[in-house]
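**Q** Provided herewith: model.cif, mmCIF, C-alpha atoms.
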```
data_protein
#
loop_
_atom_site.group_PDB
_atom_site.id
_atom_site.type_symbol
_atom_site.label_atom_id
_atom_site.label_comp_id
_atom_site.auth_asym_id
_atom_site.auth_seq_id
_atom_site.Cartn_x
_atom_site.Cartn_y
_atom_site.Cartn_z
ATOM 1 C CA SER A 1 0.000 0.000 0.000
ATOM 2 C CA ASP A 2 1.167 3.567 -0.728
ATOM 3 C CA SER A 3 -0.107 5.040 2.536
ATOM 4 C CA SER A 4 1.607 4.764 5.897
ATOM 5 C CA PRO A 5 -0.081 4.606 9.314
ATOM 6 C CA ASN A 6 1.060 8.193 9.968
ATOM 7 C CA ASP A 7 -0.854 9.581 6.947
ATOM 8 C CA THR A 8 -3.879 11.633 7.966
ATOM 9 C CA ALA A 9 -6.893 12.512 5.911
ATOM 10 C CA LYS A 10 -7.379 16.208 5.310
ATOM 11 C CA VAL A 11 -10.561 18.086 4.563
ATOM 12 C CA LYS A 12 -10.526 21.555 3.059
ATOM 13 C CA PHE A 13 -13.417 24.001 2.884
ATOM 14 C CA SER A 14 -13.290 26.931 0.528
ATOM 15 C CA ASP A 15 -16.707 28.501 0.010
ATOM 16 C CA VAL A 16 -19.839 29.087 2.071
ATOM 17 C CA THR A 17 -23.302 29.562 0.554
ATOM 18 C CA ILE A 18 -26.170 30.936 2.650
ATOM 19 C CA HIS A 19 -29.760 30.639 1.421
ATOM 20 C CA TYR A 20 -32.285 33.084 2.908
ATOM 21 C CA HIS A 21 -35.974 32.229 3.233
ATOM 22 C CA ASP A 22 -39.156 34.036 4.204
ATOM 23 C CA PHE A 23 -40.887 32.928 7.374
ATOM 24 C CA ALA A 24 -43.978 30.771 7.185
ATOM 25 C CA LEU A 25 -46.439 29.420 9.695
ATOM 26 C CA GLY A 26 -45.043 26.126 10.940
ATOM 27 C CA ASP A 27 -46.463 23.031 12.597
ATOM 28 C CA HIS A 28 -43.819 21.954 15.107
ATOM 29 C CA PRO A 29 -45.631 20.302 18.029
ATOM 30 C CA GLN A 30 -43.094 21.296 20.708
ATOM 31 C CA VAL A 31 -43.647 25.064 20.583
ATOM 32 C CA SER A 32 -44.620 25.929 24.158
ATOM 33 C CA SER A 33 -46.637 29.059 23.327
ATOM 34 C CA GLY A 34 -47.557 31.130 20.312
ATOM 35 C CA PRO A 35 -47.220 30.203 16.649
ATOM 36 C CA PRO A 36 -44.484 27.895 15.336
ATOM 37 C CA LEU A 37 -42.217 29.152 12.531
ATOM 38 C CA ALA A 38 -41.049 27.345 9.406
ATOM 39 C CA PHE A 39 -39.004 28.216 6.338
ATOM 40 C CA GLY A 40 -41.018 29.842 3.589
ATOM 41 C CA GLU A 41 -40.033 30.743 0.046
ATOM 42 C CA TRP A 42 -36.330 30.947 -0.815
ATOM 43 C CA THR A 43 -35.628 34.672 -1.280
ATOM 44 C CA SER A 44 -31.904 35.126 -1.872
ATOM 45 C CA THR A 45 -28.419 33.656 -1.638
ATOM 46 C CA GLU A 46 -25.084 34.966 -0.388
ATOM 47 C CA GLU A 47 -21.764 33.385 -1.262
ATOM 48 C CA PHE A 48 -18.536 33.912 0.670
ATOM 49 C CA SER A 49 -15.020 32.577 0.737
ATOM 50 C CA LEU A 50 -14.448 30.821 4.045
ATOM 51 C CA SER A 51 -12.217 33.610 5.388
ATOM 52 C CA GLU A 52 -14.718 36.289 4.271
ATOM 53 C CA TYR A 53 -17.543 34.343 5.951
ATOM 54 C CA GLU A 54 -15.614 34.087 9.231
ATOM 55 C CA ARG A 55 -14.946 37.863 9.195
ATOM 56 C CA THR A 56 -18.617 38.584 8.417
ATOM 57 C CA MET A 57 -19.891 36.290 11.179
ATOM 58 C CA SER A 58 -17.440 37.821 13.650
ATOM 59 C CA THR A 59 -18.780 41.298 12.789
ATOM 60 C CA ARG A 60 -22.408 40.119 13.113
ATOM 61 C CA HIS A 61 -21.563 38.499 16.446
ATOM 62 C CA GLN A 62 -20.145 41.808 17.699
ATOM 63 C CA GLN A 63 -23.220 43.723 16.463
ATOM 64 C CA HIS A 64 -25.741 41.334 18.049
ATOM 65 C CA GLY A 65 -23.739 40.537 21.175
ATOM 66 C CA GLN A 66 -24.122 36.770 20.891
ATOM 67 C CA PRO A 67 -23.798 34.012 18.290
ATOM 68 C CA TRP A 68 -26.876 33.051 16.251
ATOM 69 C CA ASN A 69 -27.392 29.738 18.051
ATOM 70 C CA GLU A 70 -27.804 31.606 21.353
ATOM 71 C CA ARG A 71 -30.419 33.839 19.687
ATOM 72 C CA ALA A 72 -32.213 30.882 18.090
ATOM 73 C CA GLN A 73 -35.124 30.834 20.526
ATOM 74 C CA ILE A 74 -37.641 33.474 19.503
ATOM 75 C CA ASN A 75 -40.385 34.445 21.933
ATOM 76 C CA SER A 76 -44.041 34.083 20.936
ATOM 77 C CA LYS A 77 -44.654 37.820 20.452
ATOM 78 C CA GLU A 78 -41.672 38.111 18.115
ATOM 79 C CA ARG A 79 -42.799 35.047 16.115
ATOM 80 C CA MET A 80 -46.270 36.590 15.838
ATOM 81 C CA ARG A 81 -44.753 39.862 14.564
ATOM 82 C CA MET A 82 -42.528 38.053 12.068
ATOM 83 C CA LEU A 83 -45.454 36.090 10.636
ATOM 84 C CA THR A 84 -47.764 39.096 10.301
ATOM 85 C CA GLU A 85 -44.964 41.050 8.595
ATOM 86 C CA ALA A 86 -44.533 38.083 6.228
ATOM 87 C CA GLY A 87 -48.214 38.461 5.297
ATOM 88 C CA VAL A 88 -49.716 35.526 7.184
ATOM 89 C CA PRO A 89 -53.328 36.430 8.116
ATOM 90 C CA MET A 90 -53.931 36.791 11.872
ATOM 91 C CA GLN A 91 -56.893 34.384 11.740
ATOM 92 C CA ARG A 92 -54.674 31.683 10.256
ATOM 93 C CA ILE A 93 -52.086 32.236 13.011
ATOM 94 C CA GLN A 94 -54.785 32.050 15.704
ATOM 95 C CA ASN A 95 -56.199 28.853 14.158
ATOM 96 C CA ARG A 96 -52.746 27.239 14.226
ATOM 97 C CA ILE A 97 -52.204 28.209 17.878
ATOM 98 C CA HIS A 98 -55.608 26.710 18.742
ATOM 99 C CA TYR A 99 -54.808 23.514 16.811
ATOM 100 C CA GLN A 100 -51.415 23.239 18.601
ATOM 101 C CA ARG A 101 -53.201 23.473 21.991
ATOM 102 C CA ILE A 102 -55.682 20.749 21.000
ATOM 103 C CA GLN A 103 -52.833 18.484 19.856
ATOM 104 C CA LYS A 104 -50.854 19.061 23.068
ATOM 105 C CA ASP A 105 -53.911 18.376 25.235
ATOM 106 C CA ALA A 106 -54.624 15.145 23.346
ATOM 107 C CA HIS A 107 -51.006 14.035 23.717
ATOM 108 C CA ARG A 108 -51.000 14.877 27.430
ATOM 109 C CA ARG A 109 -54.248 12.926 27.977
ATOM 110 C CA SER A 110 -53.010 9.867 26.086
ATOM 111 C CA SER A 111 -49.731 9.934 28.059
ATOM 112 C CA LEU A 112 -51.624 10.079 31.356
ATOM 113 C CA ILE A 113 -53.900 7.210 30.321
ATOM 114 C CA ALA A 114 -50.927 5.103 29.215
ATOM 115 C CA ALA A 115 -49.091 5.771 32.499
ATOM 116 C CA ARG A 116 -52.221 4.885 34.517
ATOM 117 C CA ASN A 117 -52.659 1.638 32.542
ATOM 118 C CA GLU A 118 -48.995 0.728 33.053
ATOM 119 C CA ARG A 119 -49.311 1.239 36.816
ATOM 120 C CA ARG A 120 -52.523 -0.790 36.894
ATOM 121 C CA THR A 121 -51.255 -3.728 34.810
ATOM 122 C CA GLY A 122 -47.580 -3.559 35.710
ATOM 123 C CA ALA A 123 -46.715 -3.436 31.990
ATOM 124 C CA PHE A 124 -43.947 -1.088 30.979
ATOM 125 C CA ASN A 125 -42.795 -0.037 27.542
ATOM 126 C CA LEU A 126 -39.075 -0.672 27.079
#
```
Please express the file's structure as structure tokens.
**A**
Amino acid sequence: SDSSPNDTAKVKFSDVTIHYHDFALGDHPQVSSGPPLAFGEWTSTEEFSLSEYERTMSTRHQQHGQPWNERAQINSKERMRMLTEAGVPMQRIQNRIHYQRIQKDAHRRSSLIAARNERRTGAFNL
């Protein structure tokens, strides 16, 4: 073989492409309050060299005071504002919030019933 045990594989990254999307009304069941968000239509693209991207992200981090993943949770009022600005009708947002509550209540009830049945019968799901 031409390779020795000391050879290491190397990976090189050169370009970064960011796709931007509108916001849309989502359907994630774990949103604790307010409307869930989802990606909407693809609106634009930015391309950077890796070094340019790292400089840009460093500048954005300084402007916002924290990295994006620490800003990833968006409160319910902000999600509501984002969706209305994206043109989602308020009635549709309210309907989705109501549907999410119904789904959560149904899940909670079925979990309670399953736990009660397990205690009663001694059967446990593994």
**Q** For Ala38 in chain A, which residue among A:Lys10, A:Ala86, A:Thr56, A:Ala106 is the nearest when counting all atoms listed in the file?
**A** A:Ala86
**Q** Find the residues around range 40-42 of chain A up to 10 Å (all atoms listed in the file counted), leave out those fewer than 5 positions away in its own chain, and share them as a list in words.
**A** His19, Tyr20, His21, Asp22, Phe23, Ala24, Leu25, Gly26 and Ala86 of chain A
**Q** State, in Å with one decimal place, the distance from CA of Ser32 in chain A to CA of Pro89 in chain A.
**A**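 Those two atoms sit 21.1 Å apart.
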**Q** Measuring atom to atom with only C-alpha atoms, identify which of A:Arg60, A:Thr8, A:Gln91, A:Arg101 is nearest to Val31 in chain A.
**A**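 For Val31 in chain A, the nearest of the given residues is A:Arg101.
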**Q** Could you please determine the separation between CA of Asn95 in chain A and CA of His107 in chain A in Å, to one decimal place?
**A**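 One can read the CA of Asn95 in chain A to CA of His107 in chain A distance as 18.4 Å.
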**Q** If you apply the PyMOL selection byres ((chain A and resi 45-51) around 12) to this file, what residues do you get, as a list in words?
**A**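 Written out, the selection comes to Lys12, Phe13, Ser14, Asp15, Val16, Thr17, Ile18, His19, Tyr20, His21, Trp42, Thr43, Ser44, Glu52, Tyr53, Glu54, Arg55, Thr56, Met57 and Ser58 of chain A.
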**Q** So which residues get picked by the PyMOL selection byres ((chain A and resi 79) around 10) here, written as a ChimeraX atom specification?
**A** /A:23-25,34-37,73-78,80-85
**Q** Determine the nearest neighbour of His98 in chain A from the options A:Thr59, A:Ala9, A:Pro29, A:Arg116, counting only C-alpha atoms.
**A** A:Pro29
**Q** Need the axis-aligned box for range 14-23 of chain A with 4 Å each side, so what are the centre and edges in Å to one decimal, as lines of an AutoDock Vina configuration file?
**A**
```
center_x = -27.1
center_y = 30.5
center_z = 3.7
size_x = 35.6
size_y = 15.1
size_z = 15.4
```
**Q** Provide the CA of Gln30 in chain A to CA of Ile97 in chain A distance in Å, to one decimal place.
**A**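 Going from CA of Gln30 in chain A over to CA of Ile97 in chain A, I get 11.8 Å.
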